[in-house]
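Have a look at run-v9.cif below; it lists mmCIF, C-alpha atoms.
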data_query
loop_
_atom_site.label_atom_id
_atom_site.label_comp_id
_atom_site.auth_asym_id
_atom_site.auth_seq_id
_atom_site.Cartn_x
_atom_site.Cartn_y
_atom_site.Cartn_z
CA MET A 453 -135.90 75.75 -68.79
CA THR A 454 -139.42 76.86 -69.63
CA GLN A 455 -142.24 74.91 -68.04
CA TRP A 456 -145.99 74.88 -68.67
CA ILE A 457 -148.57 73.98 -66.03
CA ARG A 458 -152.33 73.87 -65.65
CA TYR A 459 -154.35 73.91 -62.48
CA PHE A 460 -158.02 73.98 -61.51
CA TRP A 461 -159.54 76.08 -58.73
CA ALA A 462 -162.92 74.59 -57.81
CA ASP A 463 -163.93 77.56 -55.64
CA ASP A 464 -163.73 79.94 -58.62
CA ASP A 465 -164.46 77.31 -61.28
CA THR A 466 -161.32 78.43 -63.12
CA VAL A 467 -158.57 76.69 -65.00
CA THR A 468 -155.26 78.55 -65.08
CA PHE A 469 -152.49 77.86 -67.57
CA LEU A 470 -149.00 79.23 -66.86
CA GLU A 471 -145.84 79.43 -68.90
CA ILE A 472 -143.01 79.67 -66.35
CA ASP A 473 -139.44 80.77 -67.10
CA GLU A 474 -136.26 79.33 -65.58
CA ASP A 475 -136.44 81.84 -62.71
CA GLY A 476 -139.97 80.75 -61.76
CA TRP A 477 -141.75 83.83 -63.14
CA ALA A 478 -144.95 83.60 -65.17
CA ARG A 479 -144.17 84.59 -68.77
CA ARG A 480 -147.71 84.06 -70.04
CA GLN A 481 -150.92 83.26 -68.18
CA VAL A 482 -154.39 82.23 -69.27
CA ILE A 483 -157.42 81.93 -67.00
CA LEU A 484 -160.60 80.26 -68.24
CA GLN A 485 -163.73 80.41 -66.11
CA GLY A 486 -167.05 78.66 -65.78
CA GLU A 487 -168.60 75.67 -67.46
CA LEU A 488 -167.93 77.14 -70.90
CA ARG A 489 -164.31 77.96 -69.96
CA LEU A 490 -164.56 81.54 -71.15
CA PRO A 491 -161.29 83.51 -71.09
CA VAL A 492 -160.98 86.12 -68.35
CA SER A 493 -157.20 86.60 -68.59
CA ALA A 494 -154.44 86.15 -71.17
CA ALA A 495 -151.54 88.32 -70.07
CA THR A 496 -147.85 88.22 -70.96
CA LEU A 497 -144.82 89.46 -69.04
CA ASP A 498 -143.23 91.00 -72.13
CA GLU A 499 -146.22 93.28 -72.68
CA VAL A 500 -146.51 94.17 -69.00
CA MET A 501 -142.82 95.09 -68.82
CA HIS A 502 -143.04 97.14 -72.00
CA LEU A 503 -146.00 99.10 -70.63
CA ARG A 504 -144.22 99.59 -67.32
CA ASP A 505 -141.17 101.02 -69.08
CA HIS A 506 -142.83 102.92 -71.94
CA GLY A 507 -146.53 103.36 -71.21
CA THR A 508 -148.66 105.38 -68.88
CA LEU A 509 -150.78 104.34 -65.94
CA ALA A 510 -153.78 104.61 -68.26
CA ASP A 511 -152.09 102.24 -70.74
CA MET A 512 -151.45 99.68 -67.99
CA THR A 513 -155.00 99.99 -66.70
CA ALA A 514 -156.40 99.45 -70.20
CA TYR A 515 -154.16 96.39 -70.66
CA GLU A 516 -155.26 94.87 -67.33
CA ASN A 517 -158.92 95.56 -68.13
CA ARG A 518 -158.54 93.72 -71.43
CA TYR A 519 -156.05 90.94 -70.64
CA GLY A 520 -156.12 90.63 -66.85
CA VAL A 521 -153.33 90.77 -64.29
CA LEU A 522 -150.30 88.52 -64.62
CA ALA A 523 -149.17 86.49 -61.60
CA GLU A 524 -146.15 88.11 -59.97
CA GLY A 525 -143.12 86.60 -58.31
CA ASP A 526 -141.88 83.04 -58.20
CA VAL A 527 -144.82 80.77 -59.03
CA ARG A 528 -142.98 77.45 -58.72
CA ASP A 529 -144.45 76.72 -55.28
CA TRP A 530 -147.74 75.91 -57.05
CA GLU A 531 -146.10 72.79 -58.51
CA ASP A 532 -146.47 70.96 -55.23
CA THR A 533 -150.26 71.08 -55.04
CA ASP A 534 -152.45 68.20 -56.17
CA GLN A 535 -154.33 70.28 -58.74
CA VAL A 536 -151.24 71.25 -60.76
CA VAL A 537 -150.42 69.25 -63.87
CA GLU A 538 -147.40 69.79 -66.09
CA ILE A 539 -148.48 70.22 -69.71
CA THR A 540 -146.82 70.72 -73.09
CA ARG A 541 -146.29 74.03 -74.84
CA ALA A 542 -148.77 72.87 -77.49
CA GLU A 543 -151.46 72.37 -74.84
CA PHE A 544 -150.70 75.79 -73.38
CA ASP A 545 -150.93 77.38 -76.83
CA ARG A 546 -154.29 75.69 -77.47
CA ALA A 547 -155.60 77.74 -74.53
CA TRP A 548 -153.50 80.87 -75.19
CA VAL A 549 -154.32 81.57 -78.84
CA PRO A 550 -158.13 81.55 -78.65
CA ALA A 551 -158.11 83.37 -75.29
CA ARG A 552 -155.99 86.21 -76.71
CA GLU A 553 -158.12 86.41 -79.84
CA THR A 554 -161.32 86.56 -77.80
CA LEU A 555 -160.08 89.18 -75.33
CA ALA A 556 -158.55 91.31 -78.12
CA ARG A 557 -162.01 91.69 -79.67
CA PHE A 558 -163.54 93.32 -76.59
CA VAL A 559 -164.29 97.00 -76.99
CA LEU A 560 -163.16 98.94 -73.95
#

What's the structure tokens form of this structure?
Amino acid sequence: MTQWIRYFWADDDTVTFLEIDEDGWARRQVILQGELRLPVSAATLDEVMHLRDHGTLADMTAYENRYGVLAEGDVRDWEDTDQVVEITRAEFDRAWVPARETLARFVL
């Protein structure tokens, strides 16, 4: 079952949104930073896997420069911290859509 979570890291002043699959892997991730909550990451596992299988190292580097690095491995252990809140898909998408649109506009 897919799960969506949000957590705040005070040290970095970031809010991270994760879409987690049934195996505990991040499928999509958004990181917003600072008082204005500007997007610094909006990566998706499907795109990362496609680039790994069909792209070049330069393609992957360009993707990471634009959309950030996706969390790897089982991320379910984050559920047990006080700063993690389970959210709805709609709330996740309210962060995802504008973050992707913003980061897609950057000229690399």

Separation of CA of Glu524 in chain A and CA of Asp498 in chain A, in Å?
12.8 Å

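A straight line drawn from CA of Glu471 in chain A to CA of Ser493 in chain A is 13.4 Å long.
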
List, as a PyMOL selection string, every residue that the PyMOL selection byres ((chain A and resi 534-540) around 12) selects in the file provided.
chain A and resi 454-462+466-472+527-533+541-547

Residue nearest Tyr515 in chain A among A:Met453, A:Phe558, A:Leu490, A:Val549 (counting only C-alpha atoms)
A:Phe558

Shortest contact to Glu487 in chain A, candidates A:Ala510, A:Trp548, A:Asp464, A:Glu553, atoms counted all atoms listed in the file, goes to A:Asp464

Translate the PyMOL selection byres ((chain A and resi 491) around 9), as applied to the file shown, into an explicit residue set as a PyMOL selection string.
chain A and resi 482-485+489-490+492-494+547+550-552+554-555

Name the closest residue to Arg479 in chain A among the candidates A:Leu509, A:Leu503, A:Val521, A:Leu497; distances are taken between atoms, counting only C-alpha atoms.
A:Leu497

How would range 507-518 of chain A look with all heavy atoms restored, written as a PDB file, keeping the file's coordinate frame?
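To be explicit, this is the file written out as result-v1.pdb:
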ATOM      1  N   GLY A 507    -145.138 102.921 -71.174  1.00  0.00           N
ATOM      2  CA  GLY A 507    -146.530 103.360 -71.210  1.00  0.00           C
ATOM      3  C   GLY A 507    -146.865 104.254 -70.032  1.00  0.00           C
ATOM      4  O   GLY A 507    -146.019 104.618 -69.218  1.00  0.00           O
ATOM      5  N   THR A 508    -148.131 104.561 -69.972  1.00  0.00           N
ATOM      6  CA  THR A 508    -148.660 105.380 -68.880  1.00  0.00           C
ATOM      7  C   THR A 508    -149.489 104.493 -67.951  1.00  0.00           C
ATOM      8  O   THR A 508    -149.769 103.334 -68.276  1.00  0.00           O
ATOM      9  CB  THR A 508    -149.555 106.496 -69.425  1.00  0.00           C
ATOM     10  OG1 THR A 508    -150.705 105.880 -70.053  1.00  0.00           O
ATOM     11  CG2 THR A 508    -148.814 107.370 -70.440  1.00  0.00           C
ATOM     12  N   LEU A 509    -149.889 105.061 -66.851  1.00  0.00           N
ATOM     13  CA  LEU A 509    -150.780 104.340 -65.940  1.00  0.00           C
ATOM     14  C   LEU A 509    -152.084 103.984 -66.657  1.00  0.00           C
ATOM     15  O   LEU A 509    -152.619 102.893 -66.482  1.00  0.00           O
ATOM     16  CB  LEU A 509    -151.048 105.166 -64.688  1.00  0.00           C
ATOM     17  CG  LEU A 509    -151.958 104.532 -63.648  1.00  0.00           C
ATOM     18  CD1 LEU A 509    -151.400 103.191 -63.176  1.00  0.00           C
ATOM     19  CD2 LEU A 509    -152.146 105.471 -62.467  1.00  0.00           C
ATOM     20  N   ALA A 510    -152.564 104.877 -67.495  1.00  0.00           N
ATOM     21  CA  ALA A 510    -153.780 104.610 -68.260  1.00  0.00           C
ATOM     22  C   ALA A 510    -153.579 103.436 -69.227  1.00  0.00           C
ATOM     23  O   ALA A 510    -154.482 102.612 -69.406  1.00  0.00           O
ATOM     24  CB  ALA A 510    -154.218 105.856 -69.029  1.00  0.00           C
ATOM     25  N   ASP A 511    -152.393 103.357 -69.840  1.00  0.00           N
ATOM     26  CA  ASP A 511    -152.090 102.240 -70.740  1.00  0.00           C
ATOM     27  C   ASP A 511    -152.111 100.911 -69.974  1.00  0.00           C
ATOM     28  O   ASP A 511    -152.658  99.917 -70.452  1.00  0.00           O
ATOM     29  CB  ASP A 511    -150.711 102.409 -71.382  1.00  0.00           C
ATOM     30  CG  ASP A 511    -150.625 103.597 -72.316  1.00  0.00           C
ATOM     31  OD1 ASP A 511    -151.658 104.008 -72.882  1.00  0.00           O
ATOM     32  OD2 ASP A 511    -149.495 104.118 -72.472  1.00  0.00           O
ATOM     33  N   MET A 512    -151.492 100.898 -68.796  1.00  0.00           N
ATOM     34  CA  MET A 512    -151.450  99.680 -67.990  1.00  0.00           C
ATOM     35  C   MET A 512    -152.849  99.287 -67.521  1.00  0.00           C
ATOM     36  O   MET A 512    -153.211  98.108 -67.557  1.00  0.00           O
ATOM     37  CB  MET A 512    -150.518  99.852 -66.788  1.00  0.00           C
ATOM     38  CG  MET A 512    -150.379  98.592 -65.951  1.00  0.00           C
ATOM     39  SD  MET A 512    -149.679  97.174 -66.837  1.00  0.00           S
ATOM     40  CE  MET A 512    -147.955  97.599 -66.776  1.00  0.00           C
ATOM     41  N   THR A 513    -153.635 100.261 -67.131  1.00  0.00           N
ATOM     42  CA  THR A 513    -155.000  99.990 -66.700  1.00  0.00           C
ATOM     43  C   THR A 513    -155.826  99.400 -67.847  1.00  0.00           C
ATOM     44  O   THR A 513    -156.562  98.429 -67.658  1.00  0.00           O
ATOM     45  CB  THR A 513    -155.665 101.266 -66.158  1.00  0.00           C
ATOM     46  OG1 THR A 513    -154.908 101.726 -65.038  1.00  0.00           O
ATOM     47  CG2 THR A 513    -157.108 101.020 -65.740  1.00  0.00           C
ATOM     48  N   ALA A 514    -155.678  99.973 -69.030  1.00  0.00           N
ATOM     49  CA  ALA A 514    -156.400  99.450 -70.200  1.00  0.00           C
ATOM     50  C   ALA A 514    -155.972  98.017 -70.509  1.00  0.00           C
ATOM     51  O   ALA A 514    -156.812  97.169 -70.823  1.00  0.00           O
ATOM     52  CB  ALA A 514    -156.161 100.358 -71.407  1.00  0.00           C
ATOM     53  N   TYR A 515    -154.668  97.745 -70.413  1.00  0.00           N
ATOM     54  CA  TYR A 515    -154.160  96.390 -70.660  1.00  0.00           C
ATOM     55  C   TYR A 515    -154.767  95.414 -69.649  1.00  0.00           C
ATOM     56  O   TYR A 515    -155.258  94.339 -70.030  1.00  0.00           O
ATOM     57  CB  TYR A 515    -152.633  96.374 -70.568  1.00  0.00           C
ATOM     58  CG  TYR A 515    -152.047  95.008 -70.823  1.00  0.00           C
ATOM     59  CD1 TYR A 515    -151.755  94.597 -72.115  1.00  0.00           C
ATOM     60  CD2 TYR A 515    -151.803  94.117 -69.776  1.00  0.00           C
ATOM     61  CE1 TYR A 515    -151.237  93.337 -72.368  1.00  0.00           C
ATOM     62  CE2 TYR A 515    -151.277  92.863 -70.017  1.00  0.00           C
ATOM     63  CZ  TYR A 515    -150.997  92.472 -71.310  1.00  0.00           C
ATOM     64  OH  TYR A 515    -150.495  91.223 -71.551  1.00  0.00           O
ATOM     65  N   GLU A 516    -154.736  95.758 -68.370  1.00  0.00           N
ATOM     66  CA  GLU A 516    -155.260  94.870 -67.330  1.00  0.00           C
ATOM     67  C   GLU A 516    -156.760  94.675 -67.476  1.00  0.00           C
ATOM     68  O   GLU A 516    -157.268  93.585 -67.204  1.00  0.00           O
ATOM     69  CB  GLU A 516    -154.900  95.403 -65.953  1.00  0.00           C
ATOM     70  CG  GLU A 516    -153.421  95.271 -65.656  1.00  0.00           C
ATOM     71  CD  GLU A 516    -153.012  95.850 -64.312  1.00  0.00           C
ATOM     72  OE1 GLU A 516    -153.838  96.513 -63.649  1.00  0.00           O
ATOM     73  OE2 GLU A 516    -151.847  95.630 -63.923  1.00  0.00           O
ATOM     74  N   ASN A 517    -157.482  95.705 -67.903  1.00  0.00           N
ATOM     75  CA  ASN A 517    -158.920  95.560 -68.130  1.00  0.00           C
ATOM     76  C   ASN A 517    -159.211  94.598 -69.278  1.00  0.00           C
ATOM     77  O   ASN A 517    -160.195  93.877 -69.254  1.00  0.00           O
ATOM     78  CB  ASN A 517    -159.569  96.913 -68.412  1.00  0.00           C
ATOM     79  CG  ASN A 517    -159.697  97.763 -67.167  1.00  0.00           C
ATOM     80  OD1 ASN A 517    -159.685  97.256 -66.043  1.00  0.00           O
ATOM     81  ND2 ASN A 517    -159.796  99.056 -67.355  1.00  0.00           N
ATOM     82  N   ARG A 518    -158.349  94.593 -70.271  1.00  0.00           N
ATOM     83  CA  ARG A 518    -158.540  93.720 -71.430  1.00  0.00           C
ATOM     84  C   ARG A 518    -157.992  92.319 -71.190  1.00  0.00           C
ATOM     85  O   ARG A 518    -158.656  91.319 -71.443  1.00  0.00           O
ATOM     86  CB  ARG A 518    -157.873  94.310 -72.663  1.00  0.00           C
ATOM     87  CG  ARG A 518    -158.018  93.436 -73.915  1.00  0.00           C
ATOM     88  CD  ARG A 518    -157.411  94.083 -75.143  1.00  0.00           C
ATOM     89  NE  ARG A 518    -157.977  95.381 -75.434  1.00  0.00           N
ATOM     90  CZ  ARG A 518    -159.069  95.581 -76.196  1.00  0.00           C
ATOM     91  NH1 ARG A 518    -159.688  94.561 -76.737  1.00  0.00           N
ATOM     92  NH2 ARG A 518    -159.519  96.797 -76.410  1.00  0.00           N
TER      93      ARG A 518
END
